[in-house]
Amino acid sequence: MSPLAPRVSPAQFARTPRRAFNAGPRLTQVQSIDDLRARTHQLMPRFVLEYLEGGAQSEATLERDRTAFEDWRWVPRMLRDVSHRKVSRRVLGQDARLPLAIAPTGLNGLFMRGADLTLARAAARFGVPFVQGTMSNETMEDVARVPGLRHWWQLYIFGPDEIWQALVDRAAACKCEALVLTVNAQLYGLREWDSRQRFGRTLPKPATVLDAAWHTRWLATTLSHGMPRFANVEPFLPEDSRGFFEGAFWIRDQMPKALTWADVARIRERWKGAMFVKGLLHPDDVRAARDSGVDGVMLGTHGGRQADEAVSALDVLEEARAILGDDRPLWISGGIRRGGDVLKALALGADGVLAGRAPLYGLCAHGEAGVLKALVLLETEMRNQMGQIGADTLDDIGSHLLRRV
Ligand SMILES: Cc1cc2nc3c(=O)[nH]c(=O)nc-3n(C[C@H](O)[C@H](O)[C@H](O)COP(=O)(O)O)c2cc1C
């Protein structure tokens, strides 16, 4: 199955009106993340969709991020008291409404003007952390002012040390709760579908421009004030590389390809708060993280956008948990589209999950209300599925309720 094709239900109806996801404007009609995705596909121009949806090369990793969940099936228990179905959990010592954070995604300004602030507001209203990316389009100081926000900062290393040092110091001044160091994107993945939208690096093809111009609503909500800018790193960019595409490629070129655990140790020394390393898969790297002094690990494939033909985080989760022991925070990212996916991750040993595209579909489809809707859907599905499988608290969830099929 192509990862871009919606999953076809086995309940086919011959010669009756075809089923279709709810891509309409009424938020009250939205039933699942698939509906938000369908509307996203209606509203966004093709080059934005390729950026949002695409994976690297053959997109085999992107596909695995979803099929890994399908390989695990529930074996439900009956006659259990499931009257509470509590889904909140402590995250870094504080209550979170779900064991979930909105994942760091760069270039959110392509989806909507002010997108990082919108995601942050929805996360704060709902009650989960928001991880702001180095490649975001709003300043971290502006995002930090969102009332009630649990603000985490995702760090990319590029250019001379002064850049990451300045970003880490600013994140501390903004009282960011956690630093998330992403280590699987020092060399940018070959995202062919994304590249097919352009001649060379920065010149969009005429068809891409025409298609974008056709999407008038997107033009009005996104580009009416010009292309988004890299608000947090702009001062570090050469003056002729501050444009959108130019800035993105300049930063890519400046990312050191020889980053090692010694660099992680230097960042650990400077950042005093909670620190995660994001983007690990190999058990030896999980062992190295355990011994490096970072607080937690986020397994993941960068949404299938980096190494092609890789395993998904779910495939190596139990092994990673065994290495880290019970106490060290272990999160995963990749493929979360249902509340049941969150439960499977918890059952196999995760403390929490990052959701990337799911809240972005909400953002693209309905702005802040759509992001909130995406989070509420995941929560509703988690609570329902817990009832279906006989679990009343998240502590009841475990691998004893799953079979690999
Ligand atoms: C459009 C997009 C942009 C992303 N940008 C970043 C980024 O700047 N930094 C980062 O650490 N991860 C980035 N990621 C990876 C996400 O943090 C997360 O790991 C991934 O989206 C999880 O997969 P999912 O989208 O299936 O939930 C990006 C993912 C997407 C889809």
# chains A, B, ... in the order shown; residues from 1 in each chain; ligands from 1

call {"tool": "residues_near_ligand", "arguments": {"ligand": "ligand 1", "cutoff": "6 Å", "atoms": "only C-alpha atoms and all ligand atoms", "output": "PyMOL selection string"}}
result
chain A and resi 51-52+103-106+133+135+182+300+302-303+333-336+355-357

call {"tool": "residues_around", "arguments": {"residues": "Gly114 in chain A", "least_positions_apart": "3", "cutoff": "9 Å", "atoms": "only C-alpha atoms", "output": "MDAnalysis selection string"}}
result
chainID A and resid 108:109 117:119 137:138 222

call {"tool": "closest_residue", "arguments": {"among": "A:Pro147, A:Gly293, A:Gly127, A:Gly304", "to": "Glu53 in chain A", "atoms": "only C-alpha atoms"}}
result
A:Gly304

call {"tool": "select_by_dssp", "arguments": {"residues": "range 66-258 of chain A", "states": "strand (DSSP E or B)", "output": "count of residues only"}}
result
30

call {"tool": "residues_around", "arguments": {"residues": "Asn232 in chain A", "least_positions_apart": "5", "cutoff": "12 Å", "atoms": "only C-alpha atoms", "output": "list of chain:residue names"}}
result
A:Gly106, A:Leu107, A:Asp116, A:Gln132, A:Gly133, A:Thr134, A:Met135, A:Ser136, A:Asn137, A:Glu138, A:Thr139, A:Met140, A:Glu141, A:Asp142, A:Val143, A:Trp153, A:Gln154, A:Leu155, A:Tyr156, A:Ile163, A:Trp164, A:Ala166, A:Leu167, A:Val168, A:Arg170, A:Ala171, A:Leu237, A:Arg242, A:Gly247

call {"tool": "select_by_dssp", "arguments": {"residues": "range 24-270 of chain A", "states": "alpha helix (DSSP H)", "output": "CSV table (one decimal) with C-alpha atoms, in the first residue's frame"}}
result
chain,number,residue,atom,x,y,z
A,33,ILE,CA,-7.3,12.2,11.8
A,34,ASP,CA,-8.0,10.9,8.3
A,35,ASP,CA,-10.7,13.5,7.9
A,36,LEU,CA,-8.3,16.3,8.9
A,37,ARG,CA,-5.8,14.8,6.4
A,38,ALA,CA,-8.3,14.7,3.6
A,39,ARG,CA,-9.1,18.4,4.1
A,40,THR,CA,-5.4,19.2,4.3
A,41,HIS,CA,-5.0,17.6,0.9
A,42,GLN,CA,-7.8,19.8,-0.5
A,43,LEU,CA,-6.5,23.0,0.9
A,46,ARG,CA,1.1,20.3,-4.0
A,47,PHE,CA,4.6,21.5,-3.0
A,48,VAL,CA,3.4,22.0,0.6
A,49,LEU,CA,1.9,18.6,0.6
A,50,GLU,CA,5.1,17.0,-0.6
A,51,TYR,CA,7.0,18.7,2.1
A,52,LEU,CA,4.5,17.6,4.8
A,53,GLU,CA,3.8,14.1,3.6
A,60,ALA,CA,10.0,2.6,2.7
A,61,THR,CA,10.8,3.9,6.1
A,62,LEU,CA,7.8,6.3,6.0
A,63,GLU,CA,5.6,3.3,5.2
A,64,ARG,CA,7.2,1.2,8.0
A,65,ASP,CA,6.3,3.9,10.5
A,66,ARG,CA,2.7,3.0,9.9
A,67,THR,CA,2.8,-0.7,9.2
A,68,ALA,CA,4.8,-1.4,12.3
A,69,PHE,CA,1.7,-0.5,14.3
A,70,GLU,CA,-0.4,-2.9,12.2
A,115,ALA,CA,1.7,28.4,12.7
A,116,ASP,CA,4.2,27.8,15.6
A,117,LEU,CA,2.2,30.1,17.8
A,118,THR,CA,-1.0,28.4,16.8
A,119,LEU,CA,0.4,24.9,17.6
A,120,ALA,CA,1.8,26.2,20.9
A,121,ARG,CA,-1.6,27.8,21.9
A,122,ALA,CA,-3.4,24.6,21.1
A,123,ALA,CA,-0.9,22.5,23.1
A,124,ALA,CA,-1.2,24.8,26.1
A,125,ARG,CA,-5.0,24.8,26.0
A,126,PHE,CA,-5.2,21.1,25.7
A,140,MET,CA,11.2,31.2,20.7
A,141,GLU,CA,10.7,34.3,22.9
A,142,ASP,CA,7.2,34.9,21.2
A,143,VAL,CA,6.3,31.3,21.7
A,144,ALA,CA,7.4,31.3,25.3
A,161,ASP,CA,29.7,26.5,18.2
A,162,GLU,CA,28.6,30.0,19.1
A,163,ILE,CA,25.3,29.3,17.3
A,164,TRP,CA,24.2,26.4,19.4
A,165,GLN,CA,25.5,28.0,22.5
A,166,ALA,CA,23.4,31.1,21.8
A,167,LEU,CA,20.3,29.0,21.1
A,168,VAL,CA,20.8,27.0,24.2
A,169,ASP,CA,21.2,30.1,26.3
A,170,ARG,CA,18.1,31.7,24.8
A,171,ALA,CA,16.1,28.5,25.5
A,172,ALA,CA,17.2,28.7,29.1
A,173,ALA,CA,16.3,32.4,29.3
A,192,GLU,CA,12.8,13.0,-4.1
A,193,TRP,CA,9.2,13.9,-4.3
A,194,ASP,CA,9.9,17.2,-2.6
A,195,SER,CA,12.7,17.9,-5.0
A,206,PRO,CA,6.2,26.8,-13.3
A,207,ALA,CA,3.6,24.1,-12.5
A,208,THR,CA,4.4,24.3,-8.8
A,209,VAL,CA,3.9,28.1,-8.9
A,210,LEU,CA,0.6,27.8,-10.9
A,211,ASP,CA,-0.7,25.1,-8.5
A,212,ALA,CA,0.2,27.3,-5.5
A,213,ALA,CA,-1.5,30.4,-7.1
A,214,TRP,CA,-4.6,28.2,-7.6
A,216,THR,CA,-6.2,31.1,-3.0
A,217,ARG,CA,-7.2,30.3,0.6
A,218,TRP,CA,-3.7,29.1,1.3
A,244,PHE,CA,13.2,30.9,2.6
A,245,PHE,CA,14.8,28.4,0.3
A,246,GLU,CA,18.3,29.9,0.5
A,247,GLY,CA,18.2,29.9,4.3
A,248,ALA,CA,17.1,26.3,4.5
A,249,PHE,CA,19.8,25.1,2.2
A,250,TRP,CA,22.5,27.3,3.8
A,251,ILE,CA,21.8,25.7,7.2
A,252,ARG,CA,21.7,22.2,5.7
A,253,ASP,CA,25.2,22.9,4.2
A,254,GLN,CA,26.5,24.1,7.5
A,261,TRP,CA,28.9,11.9,21.5
A,262,ALA,CA,31.6,14.3,22.5
A,263,ASP,CA,29.5,17.1,21.1
A,264,VAL,CA,26.5,15.8,23.0
A,265,ALA,CA,28.5,15.9,26.2
A,266,ARG,CA,29.4,19.6,25.5
A,267,ILE,CA,25.8,20.5,25.0
A,268,ARG,CA,24.8,18.5,28.1
A,269,GLU,CA,27.3,20.5,30.1
A,270,ARG,CA,25.8,23.8,29.0

call {"tool": "closest_residue", "arguments": {"among": "A:Pro204, A:Pro99, A:Gly390, A:Gly148", "to": "Leu330 in chain A", "atoms": "only C-alpha atoms"}}
result
A:Pro99

call {"tool": "closest_residue", "arguments": {"among": "A:Pro10, A:Gly54, A:Gly370, A:Gly243", "to": "Phe230 in chain A", "atoms": "only C-alpha atoms"}}
result
A:Gly243

call {"tool": "atom_distance", "arguments": {"atom1": "CA of Val342 in chain A", "atom2": "CA of Leu354 in chain A"}}
result
9.3 Å

call {"tool": "residues_around", "arguments": {"residues": "Ala274 in chain A", "least_positions_apart": "5", "cutoff": "10 Å", "atoms": "only C-alpha atoms", "output": "PyMOL selection string"}}
result
chain A and resi 92+152+176-180+268+294-296

call {"tool": "write_last_selection", "arguments": {"atoms": "all heavy atoms", "output": "compact mmCIF listing (two decimals), in the first residue's frame"}}
result
# COMPACT_ATOMS: atom_id res chain seq x y z
N LEU A 92 7.87 14.44 32.79
CA LEU A 92 8.91 15.23 33.45
C LEU A 92 8.40 15.82 34.77
O LEU A 92 8.57 17.01 35.05
CB LEU A 92 9.42 16.35 32.53
CG LEU A 92 10.10 15.91 31.22
CD1 LEU A 92 10.61 17.13 30.46
CD2 LEU A 92 11.24 14.94 31.46
N TRP A 152 9.19 23.08 24.94
CA TRP A 152 10.44 22.34 24.77
C TRP A 152 11.11 22.89 23.51
O TRP A 152 10.43 23.29 22.56
CB TRP A 152 10.17 20.84 24.62
CG TRP A 152 9.53 20.19 25.83
CD1 TRP A 152 9.07 20.81 26.96
CD2 TRP A 152 9.27 18.78 26.01
NE1 TRP A 152 8.54 19.88 27.83
CE2 TRP A 152 8.65 18.64 27.28
CE3 TRP A 152 9.50 17.65 25.24
CZ2 TRP A 152 8.27 17.38 27.78
CZ3 TRP A 152 9.11 16.40 25.74
CH2 TRP A 152 8.51 16.27 27.00
N CYS A 176 12.52 27.25 28.79
CA CYS A 176 12.09 26.01 28.13
C CYS A 176 12.31 24.85 29.11
O CYS A 176 13.31 24.80 29.81
CB CYS A 176 12.88 25.77 26.85
SG CYS A 176 12.40 26.91 25.53
N GLU A 177 11.36 23.94 29.11
CA GLU A 177 11.38 22.86 30.11
C GLU A 177 12.36 21.75 29.72
O GLU A 177 12.91 21.07 30.59
CB GLU A 177 9.95 22.29 30.18
CG GLU A 177 9.72 21.35 31.31
CD GLU A 177 8.33 20.71 31.22
OE1 GLU A 177 7.56 20.99 30.26
OE2 GLU A 177 8.02 19.92 32.11
N ALA A 178 12.55 21.56 28.43
CA ALA A 178 13.43 20.46 27.98
C ALA A 178 14.12 20.86 26.69
O ALA A 178 13.58 21.64 25.89
CB ALA A 178 12.62 19.19 27.77
N LEU A 179 15.30 20.29 26.51
CA LEU A 179 16.04 20.45 25.25
C LEU A 179 16.00 19.11 24.52
O LEU A 179 16.27 18.07 25.11
CB LEU A 179 17.49 20.84 25.55
CG LEU A 179 18.34 21.20 24.34
CD1 LEU A 179 17.98 22.61 23.85
CD2 LEU A 179 19.84 21.15 24.66
N VAL A 180 15.65 19.18 23.25
CA VAL A 180 15.56 17.96 22.43
C VAL A 180 16.60 18.09 21.33
O VAL A 180 16.44 18.88 20.40
CB VAL A 180 14.13 17.83 21.83
CG1 VAL A 180 14.06 16.65 20.89
CG2 VAL A 180 13.09 17.72 22.93
N ARG A 268 25.30 18.90 26.79
CA ARG A 268 24.80 18.47 28.10
C ARG A 268 25.36 19.35 29.22
O ARG A 268 24.67 19.71 30.17
CB ARG A 268 25.16 17.00 28.31
CG ARG A 268 24.98 16.43 29.69
CD ARG A 268 23.55 16.21 30.10
NE ARG A 268 22.80 17.43 30.40
CZ ARG A 268 21.55 17.44 30.87
NH1 ARG A 268 20.91 16.31 31.08
NH2 ARG A 268 20.93 18.57 31.14
N VAL A 294 22.58 12.24 29.18
CA VAL A 294 21.30 12.85 28.81
C VAL A 294 20.19 12.17 29.63
O VAL A 294 20.36 11.05 30.12
CB VAL A 294 20.99 12.76 27.29
CG1 VAL A 294 22.08 13.44 26.49
CG2 VAL A 294 20.77 11.33 26.84
N ASP A 295 19.07 12.87 29.76
CA ASP A 295 18.00 12.34 30.61
C ASP A 295 17.16 11.30 29.89
O ASP A 295 16.68 10.35 30.51
CB ASP A 295 17.11 13.48 31.08
CG ASP A 295 17.90 14.46 31.90
OD1 ASP A 295 18.21 14.15 33.06
OD2 ASP A 295 18.27 15.53 31.38
N GLY A 296 16.92 11.51 28.60
CA GLY A 296 16.00 10.60 27.92
C GLY A 296 16.33 10.44 26.45
O GLY A 296 17.14 11.18 25.88

call {"tool": "residues_around", "arguments": {"residues": "Ala220 in chain A", "least_positions_apart": "5", "cutoff": "10 Å", "atoms": "only C-alpha atoms", "output": "PDB file with C-alpha atoms, in the first residue's frame"}}
result
ATOM      1  CA  MET A 112      -0.222  28.941   7.821  1.00  0.00           C
ATOM      2  CA  ARG A 113       1.086  32.311   8.986  1.00  0.00           C
ATOM      3  CA  HIS A 215      -4.895  27.616  -3.837  1.00  0.00           C
ATOM      4  CA  HIS A 225       2.860  38.656   4.180  1.00  0.00           C
TER       5      HIS A 225
END

call {"tool": "atom_distance", "arguments": {"atom1": "CA of Arg145 in chain A", "atom2": "CA of Ala365 in chain A"}}
result
25.0 Å

call {"tool": "decode", "arguments": {"residues": "range 382-393 of chain A", "atoms": "all heavy atoms", "output": "short mmCIF file (atom, residue, chain, number, x, y, z; two decimals), in the first residue's frame"}}
result
data_model
loop_
_atom_site.label_atom_id
_atom_site.label_comp_id
_atom_site.auth_asym_id
_atom_site.auth_seq_id
_atom_site.Cartn_x
_atom_site.Cartn_y
_atom_site.Cartn_z
N MET A 382 -8.07 6.84 22.53
CA MET A 382 -7.33 6.12 23.59
C MET A 382 -8.29 5.62 24.66
O MET A 382 -8.24 4.47 25.07
CB MET A 382 -6.31 7.05 24.25
CG MET A 382 -4.99 7.15 23.54
SD MET A 382 -3.90 8.37 24.32
CE MET A 382 -3.29 7.44 25.73
N ARG A 383 -9.19 6.53 25.08
CA ARG A 383 -10.12 6.16 26.16
C ARG A 383 -11.05 5.04 25.70
O ARG A 383 -11.32 4.10 26.44
CB ARG A 383 -10.93 7.38 26.61
CG ARG A 383 -10.11 8.33 27.49
CD ARG A 383 -10.88 9.61 27.81
NE ARG A 383 -12.17 9.35 28.41
CZ ARG A 383 -12.38 9.07 29.70
NH1 ARG A 383 -11.36 9.05 30.53
NH2 ARG A 383 -13.59 8.83 30.15
N ASN A 384 -11.50 5.11 24.48
CA ASN A 384 -12.40 4.07 23.98
C ASN A 384 -11.67 2.74 23.86
O ASN A 384 -12.15 1.69 24.32
CB ASN A 384 -13.02 4.48 22.64
CG ASN A 384 -14.05 3.46 22.20
OD1 ASN A 384 -13.71 2.41 21.67
ND2 ASN A 384 -15.32 3.74 22.47
N GLN A 385 -10.49 2.79 23.28
CA GLN A 385 -9.74 1.55 23.06
C GLN A 385 -9.36 0.89 24.40
O GLN A 385 -9.36 -0.33 24.51
CB GLN A 385 -8.49 1.83 22.21
CG GLN A 385 -7.73 0.61 21.75
CD GLN A 385 -8.49 -0.23 20.71
OE1 GLN A 385 -9.63 0.05 20.36
NE2 GLN A 385 -7.85 -1.28 20.24
N MET A 386 -9.08 1.71 25.40
CA MET A 386 -8.78 1.14 26.72
C MET A 386 -9.97 0.33 27.22
O MET A 386 -9.82 -0.77 27.76
CB MET A 386 -8.42 2.24 27.72
CG MET A 386 -7.01 2.76 27.49
SD MET A 386 -6.64 4.21 28.48
CE MET A 386 -6.46 3.49 30.10
N GLY A 387 -11.17 0.90 27.03
CA GLY A 387 -12.37 0.17 27.42
C GLY A 387 -12.52 -1.12 26.63
O GLY A 387 -12.90 -2.16 27.17
N GLN A 388 -12.18 -1.06 25.35
CA GLN A 388 -12.33 -2.25 24.49
C GLN A 388 -11.38 -3.38 24.87
O GLN A 388 -11.69 -4.55 24.69
CB GLN A 388 -12.06 -1.88 23.01
CG GLN A 388 -12.91 -0.78 22.44
CD GLN A 388 -14.39 -1.12 22.41
OE1 GLN A 388 -14.77 -2.29 22.49
NE2 GLN A 388 -15.23 -0.10 22.33
N ILE A 389 -10.20 -3.02 25.40
CA ILE A 389 -9.21 -4.07 25.67
C ILE A 389 -9.11 -4.41 27.16
O ILE A 389 -8.30 -5.23 27.57
CB ILE A 389 -7.81 -3.68 25.12
CG1 ILE A 389 -7.29 -2.41 25.79
CG2 ILE A 389 -7.85 -3.54 23.61
CD1 ILE A 389 -5.89 -2.01 25.35
N GLY A 390 -9.92 -3.73 27.97
CA GLY A 390 -9.97 -4.07 29.40
C GLY A 390 -8.89 -3.41 30.23
O GLY A 390 -8.36 -4.03 31.16
N ALA A 391 -8.56 -2.16 29.92
CA ALA A 391 -7.55 -1.44 30.70
C ALA A 391 -8.19 -0.17 31.28
O ALA A 391 -8.80 0.60 30.55
CB ALA A 391 -6.36 -1.06 29.80
N ASP A 392 -8.05 0.02 32.58
CA ASP A 392 -8.69 1.19 33.21
C ASP A 392 -7.70 2.32 33.45
O ASP A 392 -8.10 3.48 33.57
CB ASP A 392 -9.33 0.77 34.54
CG ASP A 392 -10.45 1.73 34.93
OD1 ASP A 392 -11.11 2.26 34.01
OD2 ASP A 392 -10.65 1.95 36.13
N THR A 393 -6.43 2.01 33.54
CA THR A 393 -5.40 3.05 33.66
C THR A 393 -4.28 2.70 32.69
O THR A 393 -4.20 1.56 32.21
CB THR A 393 -4.79 3.10 35.09
OG1 THR A 393 -3.95 1.96 35.25
CG2 THR A 393 -5.86 3.12 36.17
#
